[in-house]
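Read through the structure below, which is laid out as structure tokens, and then see the notes.
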Amino acid sequence: METASRCASIDHLIIIGNGMASHRLIEALVRHPRRPTCITVIGEEPVPAYNRILLSPLLAGELATDALTFRDQAWYAEQGITLLLDEKVVTIDRDNCRITTESDRCLDYDHLVIATGSLPTIPNVSGIELAGVHSFRDLKDATALEAIAQRGGNAVVIGSGLLGLEAAEGLRKRGSDIKVSVLQRSERLMNRQLDETAACLLENTLSQRGIHIATNASLAVLEDNGHGHVQAVMLSDGRRLPADSVIVAAGITPNVELGQQAGLRCERAIVVDAHLTTSDPHIAALGECCQFDQHTYGLVEPIWRQVDVLAAVLCGETTDGYQEVTTATKLKVSGVALFAFGPTEAGHEHDVLRYRDPESGDYRRLLLRDGQLEGAVLYGDTRHGPWYFEQALASADLTACRQTLLFGPSDAEVLQTEHADNANSPASSSSASPSSSHLPTSEVA
């Protein structure tokens, strides 16, 4: 609560960074009656904040650039916010509470928020500096990849997480004469989110669309064509993939340069407390550039919760502070919906329920221990994912509805209620066995 009272009256708030986290914070602040008097937002890109999640459909030609923009420049002015675009902050003078930009602009602040996001993680291999090697993080990258798709040839995507797969699918959709390969370091796609069956289904879907998936692919070197341009990707096991272009989508690294330069406490990212305050009480950090306890961030859900806390702090409200909570992963990879939480691998202690419909392509796998749901993987039909997650968070006893659990809440909740009623009834010495009439028995393990 000390942090909240310290920020109770802010004349000039400067926010460094104009990405999704920054914009979410701005939207929260302008709705508050005790917002900071003056707000200045500084962004390195030449355009206002936009939805980076939609870069993939933009690349695929499914959206226009304007559809990504949250607010135009006029909106910032209407809210009394100074928006400085195409400006990079190069120094933070903590002693004098002043920042300096690359154009030698100096601004004083009462409170500062660093929301500089992250940078693509670049593999440390020979040839990574060659022409033809790209990342996929912003509008400029999307424009470059669009040109690659339209030229055709061979493109290799390094990384098979959500961003890598979406980049590959976007290239495929946008270019009629392009051959796309994806490198996956482990034995299966999205191994942190999917079990073996779901990963195989996803790989089959992408392969049928013409995307080549190379698993167990350890990058060794990018081959030079003799003119400073990439011409192939060499793997450690000797495989060689022709490559006119290489797209690096191998994860993100928190952008902590400013924090380090300012002497803030940094580990993997800029370290913050539960009020998002750094080691300097006048400076906060938010989003992908910050670290709370040992956690860094790449998904929006925890960052949105950080925004709620920081907005309260900056407006002088009392807040319990940010806390880590279990989150589920809800993704849409190349048109395939996925929902997952908990362990990806079943242990000997787990009761495993599986359902698969080859015709529709739907797959579900639930992990229970002592009647409680610990993990789920849903592929295709993910409608019931949030309900499963609620049951897991509540540590609900699902023993009574085990037989219908794979089919979502409707029958399961009826059986749970009946079980509870029977258990509380003095006239009942035992509960009836749940009906399994809705189940194709060959589909349940």
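Quick note on naming: the chains in the structure tokens go A, B, ... in the order shown, residues restart at 1 in each chain, and ligands are numbered from 1 in order of appearance.
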Self-check item: For Val230 in chain A: contacts at 8 Å, only C-alpha atoms, fewer than 4 positions along chain excluded, given as a VMD selection string
Solution: chain A and resid 127 130 to 133 222 to 225 243 to 246
Self-check item: Within 7 Å of Gly19 in chain A using only C-alpha atoms, minus same-chain residues under 4 positions, as a list in words
Solution: His23, Ala49 and Tyr50 of chain A
Exercise. Please report, as a ChimeraX atom specification, each residue of range 103-192 of chain A to which DSSP assigns strand (DSSP E or B) when run on this structure's backbone.
Key: /A:106-108,111-114,118-120,126,131,133-135,153-158,178-183
Selected residues written out with N, CA and C atoms, as a compact mmCIF listing (two decimals), in the first residue's frame:
# COMPACT_ATOMS: atom_id res chain seq x y z
N CYS A 106 14.61 16.31 -24.24
CA CYS A 106 14.69 16.03 -22.80
C CYS A 106 13.33 16.29 -22.15
N LEU A 107 12.86 15.35 -21.35
CA LEU A 107 11.58 15.48 -20.68
C LEU A 107 11.74 15.08 -19.22
N ASP A 108 11.16 15.88 -18.33
CA ASP A 108 11.17 15.56 -16.90
C ASP A 108 9.91 14.79 -16.54
N HIS A 111 6.73 10.39 -12.57
CA HIS A 111 6.74 8.92 -12.51
C HIS A 111 6.96 8.40 -13.93
N LEU A 112 7.65 7.28 -14.01
CA LEU A 112 8.03 6.72 -15.32
C LEU A 112 7.59 5.26 -15.37
N VAL A 113 7.04 4.86 -16.51
CA VAL A 113 6.70 3.46 -16.75
C VAL A 113 7.51 2.97 -17.95
N ILE A 114 8.26 1.91 -17.75
CA ILE A 114 9.01 1.28 -18.84
C ILE A 114 8.18 0.11 -19.35
N SER A 118 9.62 -6.78 -25.74
CA SER A 118 10.65 -7.79 -25.92
C SER A 118 11.25 -7.71 -27.32
N LEU A 119 12.33 -8.45 -27.49
CA LEU A 119 13.01 -8.54 -28.78
C LEU A 119 13.01 -10.00 -29.22
N PRO A 120 13.08 -10.27 -30.52
CA PRO A 120 13.19 -11.67 -30.95
C PRO A 120 14.48 -12.29 -30.42
N SER A 126 26.44 -19.25 -36.90
CA SER A 126 27.12 -18.58 -38.00
C SER A 126 26.13 -18.34 -39.14
N ALA A 131 21.97 -11.34 -45.23
CA ALA A 131 20.76 -10.78 -45.84
C ALA A 131 19.78 -11.92 -46.11
N VAL A 133 17.60 -12.86 -43.75
CA VAL A 133 17.17 -13.35 -42.44
C VAL A 133 16.27 -12.29 -41.80
N HIS A 134 15.09 -12.69 -41.39
CA HIS A 134 14.09 -11.75 -40.88
C HIS A 134 13.51 -12.24 -39.55
N SER A 135 12.87 -11.34 -38.83
CA SER A 135 12.08 -11.70 -37.65
C SER A 135 10.61 -11.40 -37.98
N GLY A 153 9.79 -18.96 -53.84
CA GLY A 153 11.06 -19.58 -53.48
C GLY A 153 10.93 -20.41 -52.22
N ASN A 154 12.04 -20.59 -51.51
CA ASN A 154 12.08 -21.41 -50.30
C ASN A 154 12.23 -20.54 -49.07
N ALA A 155 11.32 -20.71 -48.10
CA ALA A 155 11.39 -19.98 -46.84
C ALA A 155 11.46 -20.99 -45.70
N VAL A 156 12.37 -20.74 -44.77
CA VAL A 156 12.52 -21.61 -43.60
C VAL A 156 12.21 -20.79 -42.36
N VAL A 157 11.27 -21.28 -41.55
CA VAL A 157 10.90 -20.62 -40.30
C VAL A 157 11.59 -21.35 -39.15
N ILE A 158 12.38 -20.61 -38.38
CA ILE A 158 13.06 -21.18 -37.21
C ILE A 158 12.18 -20.96 -35.99
N ILE A 178 5.55 -20.27 -53.09
CA ILE A 178 6.51 -20.34 -51.99
C ILE A 178 6.43 -21.71 -51.30
N LYS A 179 7.58 -22.24 -50.98
CA LYS A 179 7.67 -23.50 -50.23
C LYS A 179 8.16 -23.17 -48.83
N VAL A 180 7.39 -23.58 -47.83
CA VAL A 180 7.67 -23.19 -46.45
C VAL A 180 8.03 -24.41 -45.62
N SER A 181 9.13 -24.29 -44.87
CA SER A 181 9.53 -25.32 -43.90
C SER A 181 9.60 -24.70 -42.51
N VAL A 182 9.29 -25.50 -41.50
CA VAL A 182 9.34 -25.06 -40.11
C VAL A 182 10.28 -25.97 -39.34
N LEU A 183 11.20 -25.37 -38.57
CA LEU A 183 12.13 -26.15 -37.77
C LEU A 183 11.63 -26.23 -36.33
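Closest approach to Tyr363 in chain A among A:Gly316, A:Gly380, A:Gly298, A:Gly375 is made by A:Gly380 (distances from only C-alpha atoms).
In the backbone-derived DSSP annotation, alpha helix (DSSP H) within range 80-186 of chain A comprises A:Leu139, A:Lys140, A:Asp141, A:Ala142, A:Thr143, A:Ala144, A:Leu145, A:Glu146, A:Ala147, A:Ile148, A:Ala149, A:Gln150, A:Arg151, A:Leu162, A:Leu163, A:Gly164, A:Leu165, A:Glu166, A:Ala167, A:Ala168, A:Glu169, A:Gly170, A:Leu171, A:Arg172, A:Lys173, A:Arg174.
Comparing A:Gln403, A:Thr382, A:Gln231, A:Thr116 by their smallest distance to Leu338 in chain A, the closest is A:Thr382 (using only C-alpha atoms).
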Practice problem: For Leu59 in chain A, please output as a PyMOL selection string all residues within 12 Å (counting only C-alpha atoms; exclusion window: fewer than 6 positions along the same chain). | Solution: chain A and resi 52-53+65+68+136-150+163+166-175
Quiz item: Quick one: residues within 8 Å of Arg305 in chain A, only C-alpha atoms counted, chain neighbours fewer than 4 positions away excluded, as a ChimeraX atom specification?
Solution: /A:301,309,322
Practice problem: Write out as an NGL selection string each polymer residue whose atoms come within 9 Å of Glu203 in chain A, counting only C-alpha atoms; drop sequence neighbours fewer than 6 positions from it. | Solution: :A and (188-189 or 211-213)
Next, write the just-selected residues to a file, as a compact mmCIF listing (two decimals), in the first residue's frame, keeping C-alpha atoms as the atom set.
# COMPACT_ATOMS: atom_id res chain seq x y z
CA ARG A 188 6.87 -32.60 -31.71
CA LEU A 189 5.17 -29.27 -32.30
CA ILE A 211 4.08 -26.84 -44.95
CA HIS A 212 7.10 -29.07 -44.29
CA ILE A 213 7.73 -29.75 -40.59
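The shortest atom-to-atom distance to Ile16 in chain A, with only C-alpha atoms taken into account, belongs to A:Leu258 out of A:Ala250, A:Leu258, A:Leu162, A:Leu219.
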Exercise. Tell me, in Å to one decimal, how far CA of Cys266 in chain A is from CA of Ile303 in chain A.
Key: 18.5 Å
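One finds CA of Met20 in chain A at 8.7 Å from CA of Val300 in chain A.
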Quiz item: Near Cys38 in chain A, within 8 Å and counting only C-alpha atoms, which residues show up once chain neighbours fewer than 2 positions away are dropped, as a ChimeraX atom specification?
Solution: /A:11-13,36,40,80-81
Preceding selection exported with all heavy atoms as an mmCIF file, in the first residue's frame:
data_model
loop_
_atom_site.group_PDB
_atom_site.id
_atom_site.type_symbol
_atom_site.label_atom_id
_atom_site.label_comp_id
_atom_site.auth_asym_id
_atom_site.auth_seq_id
_atom_site.Cartn_x
_atom_site.Cartn_y
_atom_site.Cartn_z
ATOM 1 N N ASP A 11 1.947 14.573 -11.436
ATOM 2 C CA ASP A 11 1.742 15.633 -12.421
ATOM 3 C C ASP A 11 2.093 15.157 -13.823
ATOM 4 O O ASP A 11 1.305 15.332 -14.749
ATOM 5 C CB ASP A 11 2.588 16.856 -12.051
ATOM 6 C CG ASP A 11 2.058 17.553 -10.808
ATOM 7 O OD1 ASP A 11 0.834 17.523 -10.598
ATOM 8 O OD2 ASP A 11 2.866 18.096 -10.038
ATOM 9 N N HIS A 12 3.276 14.572 -13.978
ATOM 10 C CA HIS A 12 3.699 14.159 -15.314
ATOM 11 C C HIS A 12 4.131 12.695 -15.292
ATOM 12 O O HIS A 12 5.121 12.319 -14.671
ATOM 13 C CB HIS A 12 4.852 15.025 -15.825
ATOM 14 C CG HIS A 12 5.167 14.781 -17.278
ATOM 15 N ND1 HIS A 12 6.330 15.213 -17.873
ATOM 16 C CD2 HIS A 12 4.450 14.154 -18.258
ATOM 17 C CE1 HIS A 12 6.319 14.856 -19.146
ATOM 18 N NE2 HIS A 12 5.187 14.218 -19.405
ATOM 19 N N LEU A 13 3.348 11.872 -15.991
ATOM 20 C CA LEU A 13 3.676 10.457 -16.177
ATOM 21 C C LEU A 13 4.210 10.268 -17.590
ATOM 22 O O LEU A 13 3.569 10.676 -18.564
ATOM 23 C CB LEU A 13 2.424 9.596 -15.981
ATOM 24 C CG LEU A 13 2.571 8.113 -16.346
ATOM 25 C CD1 LEU A 13 3.492 7.401 -15.365
ATOM 26 C CD2 LEU A 13 1.199 7.432 -16.407
ATOM 27 N N PRO A 36 -3.165 10.662 -13.783
ATOM 28 C CA PRO A 36 -2.095 11.666 -13.768
ATOM 29 C C PRO A 36 -2.465 12.877 -14.615
ATOM 30 O O PRO A 36 -3.124 12.753 -15.659
ATOM 31 C CB PRO A 36 -0.911 10.906 -14.368
ATOM 32 C CG PRO A 36 -1.183 9.468 -14.035
ATOM 33 C CD PRO A 36 -2.671 9.317 -14.131
ATOM 34 N N THR A 40 2.600 11.496 -21.142
ATOM 35 C CA THR A 40 3.347 11.481 -22.403
ATOM 36 C C THR A 40 3.707 10.039 -22.725
ATOM 37 O O THR A 40 4.209 9.305 -21.869
ATOM 38 C CB THR A 40 4.637 12.308 -22.309
ATOM 39 O OG1 THR A 40 4.309 13.669 -22.025
ATOM 40 C CG2 THR A 40 5.426 12.248 -23.604
ATOM 41 N N GLY A 80 -5.983 14.335 -24.027
ATOM 42 C CA GLY A 80 -4.964 15.138 -23.368
ATOM 43 C C GLY A 80 -3.641 14.409 -23.200
ATOM 44 O O GLY A 80 -2.871 14.698 -22.272
ATOM 45 N N ILE A 81 -3.363 13.472 -24.090
ATOM 46 C CA ILE A 81 -2.130 12.680 -24.032
ATOM 47 C C ILE A 81 -1.188 13.131 -25.143
ATOM 48 O O ILE A 81 -1.601 13.258 -26.305
ATOM 49 C CB ILE A 81 -2.444 11.178 -24.184
ATOM 50 C CG1 ILE A 81 -3.306 10.687 -23.028
ATOM 51 C CG2 ILE A 81 -1.152 10.358 -24.258
ATOM 52 C CD1 ILE A 81 -3.826 9.288 -23.203
#
